[in-house]
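Data first, discussion second: the structure below is written as C-alpha cells.
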Amino acid sequence: MDNLRAHQREEKPAQNNNNHMQSLELATMNLVDLKQQLTEVIGKGINQQWDSNLEEEYNDPMSAPLVWISKWVDYSDKYGLGYQLCNNTSGVLYNDSTRLLLAADGESLQYIDREGKEFFYKIENEHETKDIQKKLTLLGHFMHYMTEHLLTTGRQKPPQDVDNLARWPCLHSWFRTSSAIVLFLNNGTLQLNFFTDHTKVILCPKISAVSYINQRREMKTFTFEKLAKYGCSQELMTRLNYAVSMIRRMQTADSTVGRLFTDERGNPSPRDIEVEIPGDTGVSVA
C-alpha cells in the first residue's frame, strides 16, 4: 500500500466478490468461535468469593483488544453510525452499508462499497474523492460532534501505521436494544455499551479475552482461560450471558453487514430489540 492515491486493490471483479464473501464468512466464523469460548466461561459459573483483590490478580492488560470503539454517535435515522476507534481512526457505517474511514494521520482514507470493494485515497486529492464528497463531509460532521461532546471509552492507543495494515479495523455491523448498543468489528471484536450505567464489555475471540469497563471507567481485562478456571463476578457474568444472547440474535439476522434488525424470535424486524438482562440491577431495562 505504498501509494494511497485513489485506487482499488489490484484484483479482478470475481476476486473482489470472493473477498467480500470471505469477509462475511469470517464474520460468521468469529461469532461462532466467540460463542463457543463464552459458553465455556459461563459453564464455570459465578465465583461467590470474587472481590477486588481477585480482579487485580487476574487482570491482564496485555490481553486487551487491539482496537475498540471509544466514541460513537447514532444518526441512523438519516445517515448512519459515526464512531472513533481507540487508535484515533474515525469512521462512518452509512445506512446504505458503505463505510468510510479516516486514519489518525488525518490524510489517509479508506472507502468500502456495498460489495466490499476497498478504495484508498489521500484526502487532499479532491479530484479523486469527488465521488464520495458528500460522505466525506458527513464524516467531518460526525468527527466534530464526537470531539466536542463525547467522552472517550477506555484508554487511547497509539495511532497505527496504515501503510503496514493488511486490512483496516472498522465497524462491520451494529444494532441497539433497550439496554445496550452492540458493535461488531471486522476483526471479530464484539463490543457492548450499556446505556444506563455506562459499563462496557469488549470481547475478542482471537485473543480469547474480555475487557470490562466499569461504572468508574476503569478497564480490566481477563482471559477466558482464567475465567473458565476461576469463575467471575456476578456483574461480569450477567453481561457475558447477555453477550451470548446477542450473538444468537446476530446469527439469525437477515443480514450480516450494516445495521441489523431481529425480533424476539430472531426474525427480521425494522425496530430495536427489547431484551431484558435477567437478575441484573445495575442495568435498567425498558
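FYI, nothing fancy with the C-alpha cells labels: chains A, B, ... in order, residues from 1 per chain, ligands from 1 as they appear.
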| Contacts of Asn186 (chain A) at 6 Å or less, counting only C-alpha atoms, minus same-chain residues fewer than 2 places along, as a PyMOL selection string? | chain A and resi 170+172+188
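By only C-alpha atoms, and with residues fewer than 4 positions from Leu38 (chain A) along its chain excluded, the set lying at most 10 Å from it is Asp33, Leu34, Ile42, Gly43, Leu203, Pro205, Ser208, Ala209, Val210, Phe224, Leu227, Ala228, Leu240, Asn241, Ala243 and Val244 of chain A.
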Next, dump the selected residues to file, keeping only N, CA and C atoms, as an mmCIF file, in the first residue's frame.
```
data_model
loop_
_atom_site.group_PDB
_atom_site.id
_atom_site.type_symbol
_atom_site.label_atom_id
_atom_site.label_comp_id
_atom_site.auth_asym_id
_atom_site.auth_seq_id
_atom_site.Cartn_x
_atom_site.Cartn_y
_atom_site.Cartn_z
ATOM 1 N N ASP A 33 -17.030 -18.838 16.940
ATOM 2 C CA ASP A 33 -15.887 -19.059 17.826
ATOM 3 C C ASP A 33 -16.079 -18.351 19.158
ATOM 4 N N LEU A 34 -16.548 -17.114 19.109
ATOM 5 C CA LEU A 34 -16.738 -16.346 20.337
ATOM 6 C C LEU A 34 -17.812 -16.967 21.211
ATOM 7 N N ILE A 42 -19.059 -19.313 30.853
ATOM 8 C CA ILE A 42 -20.337 -19.274 31.564
ATOM 9 C C ILE A 42 -20.592 -20.592 32.292
ATOM 10 N N GLY A 43 -20.090 -21.700 31.717
ATOM 11 C CA GLY A 43 -20.269 -23.004 32.341
ATOM 12 C C GLY A 43 -19.615 -23.099 33.708
ATOM 13 N N LEU A 203 -15.201 -8.005 23.773
ATOM 14 C CA LEU A 203 -14.858 -9.421 23.662
ATOM 15 C C LEU A 203 -14.060 -9.677 22.391
ATOM 16 N N PRO A 205 -12.406 -12.853 20.258
ATOM 17 C CA PRO A 205 -12.191 -14.301 20.129
ATOM 18 C C PRO A 205 -10.758 -14.657 19.766
ATOM 19 N N SER A 208 -8.946 -14.299 22.949
ATOM 20 C CA SER A 208 -9.644 -15.105 23.966
ATOM 21 C C SER A 208 -9.661 -14.388 25.303
ATOM 22 N N ALA A 209 -10.209 -13.164 25.273
ATOM 23 C CA ALA A 209 -10.247 -12.352 26.489
ATOM 24 C C ALA A 209 -11.420 -11.390 26.437
ATOM 25 N N VAL A 210 -11.798 -10.902 27.617
ATOM 26 C CA VAL A 210 -12.845 -9.899 27.736
ATOM 27 C C VAL A 210 -12.290 -8.713 28.513
ATOM 28 N N PHE A 224 -10.178 -15.667 28.890
ATOM 29 C CA PHE A 224 -11.236 -16.662 29.051
ATOM 30 C C PHE A 224 -10.717 -17.868 29.833
ATOM 31 N N LEU A 227 -11.011 -17.052 33.514
ATOM 32 C CA LEU A 227 -12.407 -17.004 33.943
ATOM 33 C C LEU A 227 -13.028 -18.397 33.949
ATOM 34 N N ALA A 228 -12.654 -19.222 32.959
ATOM 35 C CA ALA A 228 -13.184 -20.592 32.912
ATOM 36 C C ALA A 228 -12.668 -21.421 34.083
ATOM 37 N N LEU A 240 -21.848 -11.237 30.284
ATOM 38 C CA LEU A 240 -21.402 -12.285 29.371
ATOM 39 C C LEU A 240 -22.592 -13.101 28.869
ATOM 40 N N ASN A 241 -23.515 -13.405 29.752
ATOM 41 C CA ASN A 241 -24.741 -14.089 29.333
ATOM 42 C C ASN A 241 -25.516 -13.255 28.327
ATOM 43 N N ALA A 243 -24.227 -11.052 26.324
ATOM 44 C CA ALA A 243 -23.471 -11.064 25.073
ATOM 45 C C ALA A 243 -23.785 -12.310 24.249
ATOM 46 N N VAL A 244 -23.900 -13.453 24.903
ATOM 47 C CA VAL A 244 -24.224 -14.691 24.187
ATOM 48 C C VAL A 244 -25.608 -14.586 23.541
#
```
| query | Which of these, A:Gln84, A:Ser245, A:Thr199, A:Gln48, has the shortest distance to Glu218 (chain A) once you count only C-alpha atoms? | reply |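 Under the stated criterion, the closest residue is A:Thr199.
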| request: Rank nothing, just name the residue among A:Leu26, A:His149, A:Lys44, A:Glu107 nearest to Lys226 (chain A), using only C-alpha atoms. | output: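 Looking only at the distances to Lys226 (chain A), the closest residue turns out to be A:Lys44.
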| If you measure from CA of Ser173 (chain A) to CA of Arg259 (chain A), what distance in Å do you get, rounded to one decimal? |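 That distance, rounded to one decimal, is 5.6 Å.
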| request: Tell me, as a PyMOL selection string, which residues lie within 10 Å of Arg248 (chain A), counting only C-alpha atoms; anything in the same chain fewer than 5 positions away does not count. | output: chain A and resi 31-32+35+243+253+266
Output C-alpha atoms of each residue in that selection to a file, as an mmCIF file, in the first residue's frame.
```cif
data_model
loop_
_atom_site.group_PDB
_atom_site.id
_atom_site.type_symbol
_atom_site.label_atom_id
_atom_site.label_comp_id
_atom_site.auth_asym_id
_atom_site.auth_seq_id
_atom_site.Cartn_x
_atom_site.Cartn_y
_atom_site.Cartn_z
ATOM 1 C CA LEU A 31 -19.248 -15.188 16.053
ATOM 2 C CA VAL A 32 -19.348 -18.986 16.255
ATOM 3 C CA LYS A 35 -19.971 -18.043 21.392
ATOM 4 C CA ALA A 243 -23.471 -11.064 25.073
ATOM 5 C CA ALA A 253 -30.402 -11.641 11.480
ATOM 6 C CA GLY A 266 -34.781 -13.935 15.529
#
```
| said: If we count only C-alpha atoms and set the cut-off at 12 Å, which residues sit around Asp131 (chain A), ignoring sequence neighbours fewer than 2 positions away in its own chain? Please answer as a ChimeraX atom specification. | reply: /A:6,111,113,119,121,125-129,133-137
